[in-house]
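K.L.:
model-v2.cif (mmCIF, C-alpha atoms) pasted underneath:
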data_protein
loop_
_atom_site.label_atom_id
_atom_site.label_comp_id
_atom_site.auth_asym_id
_atom_site.auth_seq_id
_atom_site.Cartn_x
_atom_site.Cartn_y
_atom_site.Cartn_z
CA MET A 1 52.45 11.10 -61.97
CA ARG A 2 50.20 9.94 -64.78
CA ARG A 3 51.37 9.04 -68.24
CA LEU A 4 49.74 7.76 -71.38
CA PHE A 5 51.53 5.78 -74.04
CA PRO A 6 49.65 6.34 -77.33
CA VAL A 7 48.72 3.10 -79.05
CA THR A 8 46.44 2.85 -82.10
CA ASP A 9 43.16 4.64 -81.33
CA LEU A 10 44.12 6.47 -78.13
CA THR A 11 46.15 9.69 -78.21
CA ALA A 12 47.84 11.71 -75.50
CA ALA A 13 45.18 14.39 -75.85
CA ASP A 14 42.51 11.93 -74.74
CA VAL A 15 43.28 11.58 -71.05
CA SER A 16 46.86 12.68 -70.37
CA GLY A 17 46.80 14.85 -67.26
CA ASP A 18 43.02 14.60 -66.94
CA TRP A 19 41.54 11.34 -65.76
CA SER A 20 38.04 12.72 -65.32
CA LEU A 21 35.24 10.21 -65.66
CA ASP A 22 34.07 11.95 -68.82
CA ARG A 23 37.48 11.69 -70.46
CA LEU A 24 37.85 8.08 -69.41
CA ALA A 25 34.37 7.30 -70.76
CA ASP A 26 35.39 8.68 -74.15
CA ALA A 27 38.62 6.70 -74.10
CA TYR A 28 36.90 3.42 -73.13
CA ALA A 29 33.76 3.83 -75.25
CA TYR A 30 32.42 0.61 -76.76
CA PRO A 31 33.13 0.27 -80.48
CA ALA A 32 30.30 0.71 -82.95
CA VAL A 33 29.80 -2.89 -84.07
CA ASP A 34 26.90 -5.06 -85.13
CA GLY A 35 26.01 -7.46 -82.35
CA PRO A 36 27.19 -7.72 -78.75
CA TRP A 37 30.67 -6.77 -77.54
CA LEU A 38 32.03 -8.66 -74.52
CA ARG A 39 34.65 -6.82 -72.50
CA ALA A 40 36.45 -8.19 -69.43
CA ASN A 41 37.95 -6.12 -66.61
CA MET A 42 40.54 -7.81 -64.42
CA VAL A 43 43.56 -7.01 -62.27
CA SER A 44 46.76 -9.03 -61.87
CA THR A 45 50.04 -8.74 -59.98
CA LEU A 46 53.38 -8.95 -61.75
CA ASP A 47 53.57 -12.66 -60.89
CA GLY A 48 50.09 -13.40 -62.22
CA ALA A 49 47.92 -13.39 -59.09
CA ALA A 50 44.36 -12.22 -59.72
CA GLN A 51 43.54 -12.12 -56.00
CA HIS A 52 45.12 -11.81 -52.58
CA ASP A 53 43.41 -13.53 -49.66
CA GLY A 54 40.58 -14.41 -52.04
CA ARG A 55 39.76 -10.83 -53.12
CA SER A 56 40.96 -8.46 -55.84
CA GLN A 57 40.78 -5.27 -53.74
CA PRO A 58 44.22 -5.69 -52.06
CA ILE A 59 45.98 -5.56 -55.45
CA SER A 60 43.92 -2.67 -56.81
CA CYS A 61 44.36 1.11 -56.42
CA GLU A 62 42.33 4.31 -56.61
CA SER A 63 42.83 4.80 -60.36
CA ASP A 64 42.01 1.16 -61.02
CA MET A 65 38.71 1.66 -59.20
CA ARG A 66 38.11 4.83 -61.24
CA ILE A 67 38.46 2.85 -64.46
CA PHE A 68 36.39 0.05 -62.91
CA GLY A 69 33.58 2.56 -62.30
CA THR A 70 33.92 3.96 -65.81
CA LEU A 71 33.62 0.54 -67.41
CA ARG A 72 30.51 -0.15 -65.35
CA GLY A 73 29.12 3.25 -66.29
CA LEU A 74 29.36 2.33 -69.98
CA ALA A 75 27.98 -1.22 -69.80
CA ASP A 76 24.45 -2.49 -70.31
CA VAL A 77 25.11 -5.45 -68.04
CA VAL A 78 27.85 -6.63 -65.67
CA ILE A 79 28.43 -10.40 -65.71
CA ALA A 80 29.95 -12.21 -62.74
CA GLY A 81 30.28 -15.78 -61.60
CA ALA A 82 28.52 -16.91 -58.43
CA GLU A 83 31.77 -17.39 -56.49
CA THR A 84 32.92 -13.87 -57.35
CA VAL A 85 29.56 -12.50 -56.24
CA ARG A 86 29.95 -14.26 -52.90
CA GLN A 87 33.62 -13.42 -52.31
CA GLU A 88 33.47 -9.79 -53.41
CA GLY A 89 30.13 -9.07 -51.73
CA TYR A 90 28.38 -7.86 -54.86
CA ARG A 91 25.69 -5.23 -54.51
CA PRO A 92 23.41 -3.73 -57.16
CA ALA A 93 25.07 -1.34 -59.59
CA ARG A 94 24.15 2.25 -58.81
CA ALA A 95 23.19 5.15 -61.05
CA ARG A 96 25.88 7.82 -61.24
CA ASP A 97 25.31 11.41 -62.25
CA ALA A 98 28.53 11.45 -64.26
CA PHE A 99 27.11 8.90 -66.69
CA ALA A 100 23.41 9.85 -66.63
CA ALA A 101 23.33 11.94 -69.83
CA ARG A 102 25.57 9.52 -71.71
CA ARG A 103 23.42 6.53 -70.74
CA ALA A 104 20.16 8.32 -71.53
CA GLU A 105 21.45 9.29 -74.98
CA ALA A 106 22.46 5.66 -75.64
CA GLY A 107 19.02 4.40 -74.55
CA GLN A 108 20.45 2.59 -71.52
CA THR A 109 18.91 2.08 -68.10
CA PRO A 110 20.15 4.46 -65.36
CA ALA A 111 22.53 1.76 -64.10
CA PRO A 112 23.75 -1.50 -65.63
CA ALA A 113 22.01 -4.72 -64.73
CA VAL A 114 24.05 -7.40 -62.96
CA ALA A 115 23.96 -10.92 -64.41
CA VAL A 116 25.09 -13.74 -62.10
CA VAL A 117 26.22 -17.01 -63.69
CA SER A 118 25.34 -20.04 -61.57
CA GLY A 119 24.47 -23.59 -62.53
CA SER A 120 23.44 -24.67 -59.02
CA LEU A 121 21.80 -21.35 -57.99
CA ASP A 122 23.55 -21.67 -54.64
CA LEU A 123 23.01 -17.99 -53.93
CA ASP A 124 21.53 -15.96 -51.10
CA PHE A 125 18.48 -14.47 -52.78
CA SER A 126 17.69 -12.32 -49.75
CA LEU A 127 20.65 -10.04 -50.49
CA PRO A 128 20.13 -6.50 -51.87
CA LEU A 129 21.61 -7.61 -55.21
CA PHE A 130 18.43 -9.61 -55.80
CA VAL A 131 15.71 -7.93 -53.76
CA SER A 132 16.46 -4.22 -54.21
CA PRO A 133 18.42 -3.45 -57.38
CA LEU A 134 17.72 -0.35 -59.45
CA VAL A 135 17.57 -2.65 -62.48
CA PRO A 136 16.42 -6.27 -61.99
CA THR A 137 19.29 -8.70 -61.54
CA LEU A 138 19.54 -11.54 -64.04
CA VAL A 139 20.54 -15.07 -63.13
CA LEU A 140 22.06 -17.14 -65.94
CA THR A 141 21.70 -20.84 -65.35
CA GLY A 142 21.15 -24.17 -67.12
CA ALA A 143 17.92 -25.96 -67.97
CA GLY A 144 18.71 -28.54 -65.29
CA ALA A 145 18.96 -26.06 -62.43
CA PRO A 146 16.95 -27.06 -59.31
CA PRO A 147 13.33 -25.94 -59.87
CA ASP A 148 12.95 -24.82 -56.25
CA ARG A 149 15.99 -22.53 -56.59
CA ILE A 150 14.61 -21.09 -59.83
CA ALA A 151 11.34 -20.37 -58.04
CA THR A 152 13.20 -18.73 -55.13
CA ALA A 153 15.20 -16.54 -57.52
CA ARG A 154 12.07 -15.39 -59.31
CA LYS A 155 10.23 -14.76 -56.06
CA ALA A 156 13.10 -12.49 -54.97
CA GLY A 157 12.66 -10.46 -58.16
CA ALA A 158 15.51 -11.83 -60.27
CA GLU A 159 15.05 -12.60 -63.96
CA VAL A 160 16.09 -16.20 -64.60
CA VAL A 161 17.69 -16.78 -68.00
CA ILE A 162 18.22 -20.33 -69.25
CA ALA A 163 21.51 -20.32 -71.11
CA GLY A 164 22.58 -23.95 -71.25
CA GLU A 165 21.65 -27.58 -70.92
CA GLY A 166 21.86 -29.54 -67.68
CA SER A 167 23.51 -27.52 -64.93
CA ARG A 168 26.05 -25.88 -67.23
CA VAL A 169 25.84 -22.35 -68.61
CA ASP A 170 27.09 -22.16 -72.19
CA PRO A 171 29.22 -18.99 -72.57
CA ALA A 172 28.26 -18.29 -76.19
CA ARG A 173 24.58 -18.85 -75.46
CA ALA A 174 24.79 -16.57 -72.42
CA VAL A 175 26.10 -13.77 -74.65
CA ARG A 176 23.29 -14.38 -77.16
CA GLU A 177 20.59 -14.48 -74.50
CA LEU A 178 21.76 -11.21 -73.00
CA ALA A 179 21.96 -9.58 -76.43
CA ASP A 180 18.43 -10.76 -77.22
CA ARG A 181 17.31 -8.84 -74.12
CA GLY A 182 18.93 -5.65 -75.38
CA HIS A 183 22.21 -6.02 -73.48
CA ARG A 184 24.81 -5.51 -76.21
CA ARG A 185 27.52 -3.72 -74.21
CA LEU A 186 28.69 -6.57 -72.00
CA LEU A 187 31.20 -6.37 -69.18
CA THR A 188 32.45 -9.39 -67.26
CA GLU A 189 34.37 -9.00 -64.01
CA GLY A 190 35.19 -12.69 -63.67
CA GLY A 191 36.07 -14.56 -61.71
CA PRO A 192 38.87 -16.50 -63.30
CA ARG A 193 36.83 -19.62 -64.04
CA LEU A 194 34.11 -17.65 -65.82
CA LEU A 195 36.64 -15.62 -67.81
CA GLY A 196 38.40 -18.84 -68.76
CA GLN A 197 35.14 -20.18 -70.16
CA PHE A 198 34.58 -17.06 -72.24
CA VAL A 199 38.15 -17.31 -73.55
CA ALA A 200 37.85 -21.00 -74.38
CA GLU A 201 34.58 -20.40 -76.21
CA GLY A 202 36.13 -17.60 -78.28
CA VAL A 203 33.50 -14.99 -77.35
CA LEU A 204 35.71 -12.50 -75.49
CA ASP A 205 36.22 -9.36 -77.59
CA GLU A 206 38.28 -7.16 -75.27
CA LEU A 207 40.34 -7.39 -72.09
CA CYS A 208 40.97 -4.41 -69.83
CA LEU A 209 43.76 -5.62 -67.58
CA THR A 210 45.35 -3.66 -64.75
CA VAL A 211 48.87 -4.86 -63.96
CA ALA A 212 49.70 -4.06 -60.34
CA PRO A 213 53.38 -3.45 -59.43
CA MET A 214 53.23 -6.12 -56.74
CA LEU A 215 54.55 -9.61 -56.12
CA THR A 216 52.54 -12.01 -53.97
CA ALA A 217 53.90 -15.53 -54.68
CA GLY A 218 51.58 -18.18 -53.23
CA ASP A 219 49.02 -20.12 -55.22
CA ALA A 220 46.45 -17.44 -56.07
CA GLN A 221 44.39 -17.89 -59.22
CA ARG A 222 45.34 -16.31 -62.52
CA ILE A 223 42.84 -14.01 -64.26
CA ALA A 224 41.55 -16.93 -66.36
CA GLY A 225 41.29 -20.55 -65.30
CA GLY A 226 39.98 -23.85 -66.55
CA PRO A 227 41.16 -26.08 -69.44
CA ALA A 228 43.76 -24.62 -71.78
CA VAL A 229 42.73 -23.62 -75.29
CA GLY A 230 44.20 -25.58 -78.19
CA VAL A 231 45.81 -22.54 -79.77
CA PRO A 232 46.58 -19.38 -77.74
CA LYS A 233 44.18 -16.53 -78.50
CA ARG A 234 46.02 -13.53 -79.98
CA PHE A 235 44.88 -10.06 -78.90
CA VAL A 236 46.12 -6.64 -80.03
CA LEU A 237 47.11 -3.82 -77.67
CA ALA A 238 44.64 -0.95 -78.08
CA SER A 239 45.77 1.44 -75.34
CA LEU A 240 48.07 1.74 -72.35
CA LEU A 241 47.91 4.09 -69.36
CA GLU A 242 50.30 4.31 -66.40
CA GLU A 243 50.16 5.79 -62.92
CA ASP A 244 52.46 5.11 -59.96
CA GLY A 245 53.72 1.93 -61.59
CA PHE A 246 50.25 0.52 -62.29
CA LEU A 247 49.65 -0.28 -65.96
CA PHE A 248 46.11 -0.02 -67.32
CA THR A 249 46.08 -2.03 -70.54
CA ARG A 250 43.36 -2.64 -73.09
CA TYR A 251 43.58 -5.47 -75.58
CA ARG A 252 41.14 -6.34 -78.39
CA ARG A 253 40.77 -9.59 -80.30
CA ASN A 254 42.89 -9.79 -83.43
#
Mind turning the file's structure into structure tokens?
P.N.:
Amino acid sequence: MRRLFPVTDLTAADVSGDWSLDRLADAYAYPAVDGPWLRANMVSTLDGAAQHDGRSQPISCESDMRIFGTLRGLADVVIAGAETVRQEGYRPARARDAFAARRAEAGQTPAPAVAVVSGSLDLDFSLPLFVSPLVPTLVLTGAGAPPDRIATARKAGAEVVIAGEGSRVDPARAVRELADRGHRRLLTEGGPRLLGQFVAEGVLDELCLTVAPMLTAGDAQRIAGGPAVGVPKRFVLASLLEEDGFLFTRYRRN
């Protein structure tokens, strides 16, 4: 059973009873704003675990993956931290017929680019993500990254983007650098440390959070990690979907 609880800009006529990719794409369309819009997509259990056995897949579901694919189908670029890329086995984003006309009309590439955030560039540049993507993969790193690793990344075909000093990537600068390259519809899939940095820097515009009806206990990471912010960031609920106990929430910055 699928239900939709209307909140602000989403009505029951939008997707209730019909979770087709086209309907979901309309419901999750990026807002028309000046400048980049950074959206995060994460999943969490009822007790706050963002992973189980180091991966998010065990706490996900078919509809969560459908929304995951929709969010990717709308984005210019998908941003992920190096550890998430390693743990989740990231591959290049693929072109999907369901989004082809929509992306062409918006002037987007057939598939979103993937941007990997890594200060050390401790990545396997022989993987398909770097050597055979449909759209060249970007690597966001700091000015102090090892020169030999930068050369290896470029030799593999990746576009290296300097977005910080030393070995650190500055979250706000990363957003600006991507926007300067035409990537204005931004989607980050974490992991928790990277999302925490975006939150702390105040550059996250929207959070799409799936709440899984599961309890895991243990010491798994939350969806956002790192130092706490001085004042909690207040977000506003934009929409809420439900299926089989899973809640698909969407919050926007206040």
K.L.:
So, counting only C-alpha atoms, which residue among A:Leu129, A:Cys61, A:Leu178, A:Ala115 is closest to A:Gly157?
P.N.:
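When distances to A:Gly157 are compared using only C-alpha atoms, the smallest one comes from A:Leu129.
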K.L.:
What does the PyMOL selection byres ((chain A and resi 222) around 10) select in this file, as a PyMOL selection string?
P.N.:
chain A and resi 42-45+47-51+191-193+196+219-221+223-225
K.L.:
Write out as a compact mmCIF listing (two decimals) with C-alpha atoms, in the frame of the given file each polymer residue whose atoms come within 8 Å of A:Ala200, counting only C-alpha atoms; drop sequence neighbours fewer than 4 positions from it.
P.N.:
# COMPACT_ATOMS: atom_id res chain seq x y z
CA GLY A 196 38.40 -18.84 -68.76
CA PRO A 227 41.16 -26.08 -69.44
CA ALA A 228 43.76 -24.62 -71.78
CA VAL A 229 42.73 -23.62 -75.29
K.L.:
Of the candidates A:Pro171, A:Asp64, A:Ala179, A:Ala40, which one gets nearest to A:Asp244 if we count all atoms listed in the file?
P.N.:
A:Asp64
K.L.:
Between A:Gly35, A:Gly202, A:Pro110, A:Gly166, single out the one closest to A:Ala143, counting only C-alpha atoms.
P.N.:
A:Gly166
K.L.:
Any chance you could resolve the PyMOL selection byres ((chain A and resi 237) around 8) against this file and give the residues as a PDB file with C-alpha atoms, in the frame of the given file?
P.N.:
ATOM      1  CA  VAL A   7      48.720   3.100 -79.050  1.00  0.00           C
ATOM      2  CA  PHE A 235      44.880 -10.060 -78.900  1.00  0.00           C
ATOM      3  CA  VAL A 236      46.120  -6.640 -80.030  1.00  0.00           C
ATOM      4  CA  ALA A 238      44.640  -0.950 -78.080  1.00  0.00           C
ATOM      5  CA  SER A 239      45.770   1.440 -75.340  1.00  0.00           C
ATOM      6  CA  LEU A 240      48.070   1.740 -72.350  1.00  0.00           C
ATOM      7  CA  THR A 249      46.080  -2.030 -70.540  1.00  0.00           C
ATOM      8  CA  ARG A 250      43.360  -2.640 -73.090  1.00  0.00           C
ATOM      9  CA  TYR A 251      43.580  -5.470 -75.580  1.00  0.00           C
ATOM     10  CA  ARG A 252      41.140  -6.340 -78.390  1.00  0.00           C
TER      11      ARG A 252
END
K.L.:
Given the PyMOL selection byres ((chain A and resi 77) around 8) and the file above, list the residues it selects as a ChimeraX atom specification.
P.N.:
/A:75-76,78-79,112-115,183,185-187
K.L.:
Given the choices A:Val131, A:Ala156, A:Cys208, A:Ala82, which gets closest to A:Thr70 if the distance is worked out from all atoms listed in the file?
P.N.:
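Using all atoms listed in the file, the shortest distance to A:Thr70 belongs to A:Cys208.
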K.L.:
Of the candidates A:Pro128, A:Pro146, A:Gly119, A:Gly89, which shows the shortest atom-to-atom distance to A:Arg168, using only C-alpha atoms?
P.N.:
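Checking each of A:Pro128, A:Pro146, A:Gly119, A:Gly89 against A:Arg168, counting only C-alpha atoms, the winner is A:Gly119.
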K.L.:
Closest to A:Val161 among A:Val135, A:Val203, A:Val117, A:Val231, using all atoms listed in the file?
P.N.:
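Between A:Val135, A:Val203, A:Val117, A:Val231, the residue approaching A:Val161 most closely is A:Val117.
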K.L.:
In Å, rounded to a single decimal, give me how far atom CA of A:Val139 is from atom CA of A:Asp53.
P.N.:
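Atom CA of A:Val139 lies at a distance of 26.6 Å from atom CA of A:Asp53.
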K.L.:
With 8 Å as the threshold, what does the neighbourhood of (18.3, -25.1, -59.1) contain in terms of residues, counting only C-alpha atoms? Coordinates are those of the file; answer as a PyMOL selection string.
P.N.:
chain A and resi 119-122+144-150
K.L.:
Between atom CA of A:Arg66 and atom CA of A:Tyr28, what is the spacing in Å?
P.N.:
12.0 Å
K.L.:
Report, in Å with one decimal, the straight-line distance from atom CA of A:Asp22 to atom CA of A:Ala98.
P.N.:
7.2 Å
K.L.:
Using all atoms listed in the file, find all polymer residues with an atom at most 6 Å away from the point (21.1, -22.4, -66.6); report them as a ChimeraX atom specification.
P.N.:
/A:119,140-143,145,162-164,167,169
K.L.:
Around all of stretch 28-34 of chain A's listed atoms, make the axis-aligned box with 5 Å on each side and tell me centre and edge lengths in Å to one decimal, as lines of an AutoDock Vina configuration file.
P.N.:
center_x = 31.9
center_y = -0.6
center_z = -79.1
size_x = 20.0
size_y = 18.9
size_z = 22.0
K.L.:
Would you kindly return, as a PDB file with C-alpha atoms, in the frame of the given file, each protein, DNA or RNA residue with an atom no farther than 7 Å from any atom of A:Ile59, considering only C-alpha atoms and excluding same-chain residues fewer than 3 positions away?
P.N.:
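Done, and the output landed in out-v3.pdb:
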ATOM      1  CA  THR A  45      50.040  -8.740 -59.980  1.00  0.00           C
ATOM      2  CA  HIS A  52      45.120 -11.810 -52.580  1.00  0.00           C
ATOM      3  CA  SER A  56      40.960  -8.460 -55.840  1.00  0.00           C
ATOM      4  CA  ALA A 212      49.700  -4.060 -60.340  1.00  0.00           C
TER       5      ALA A 212
END
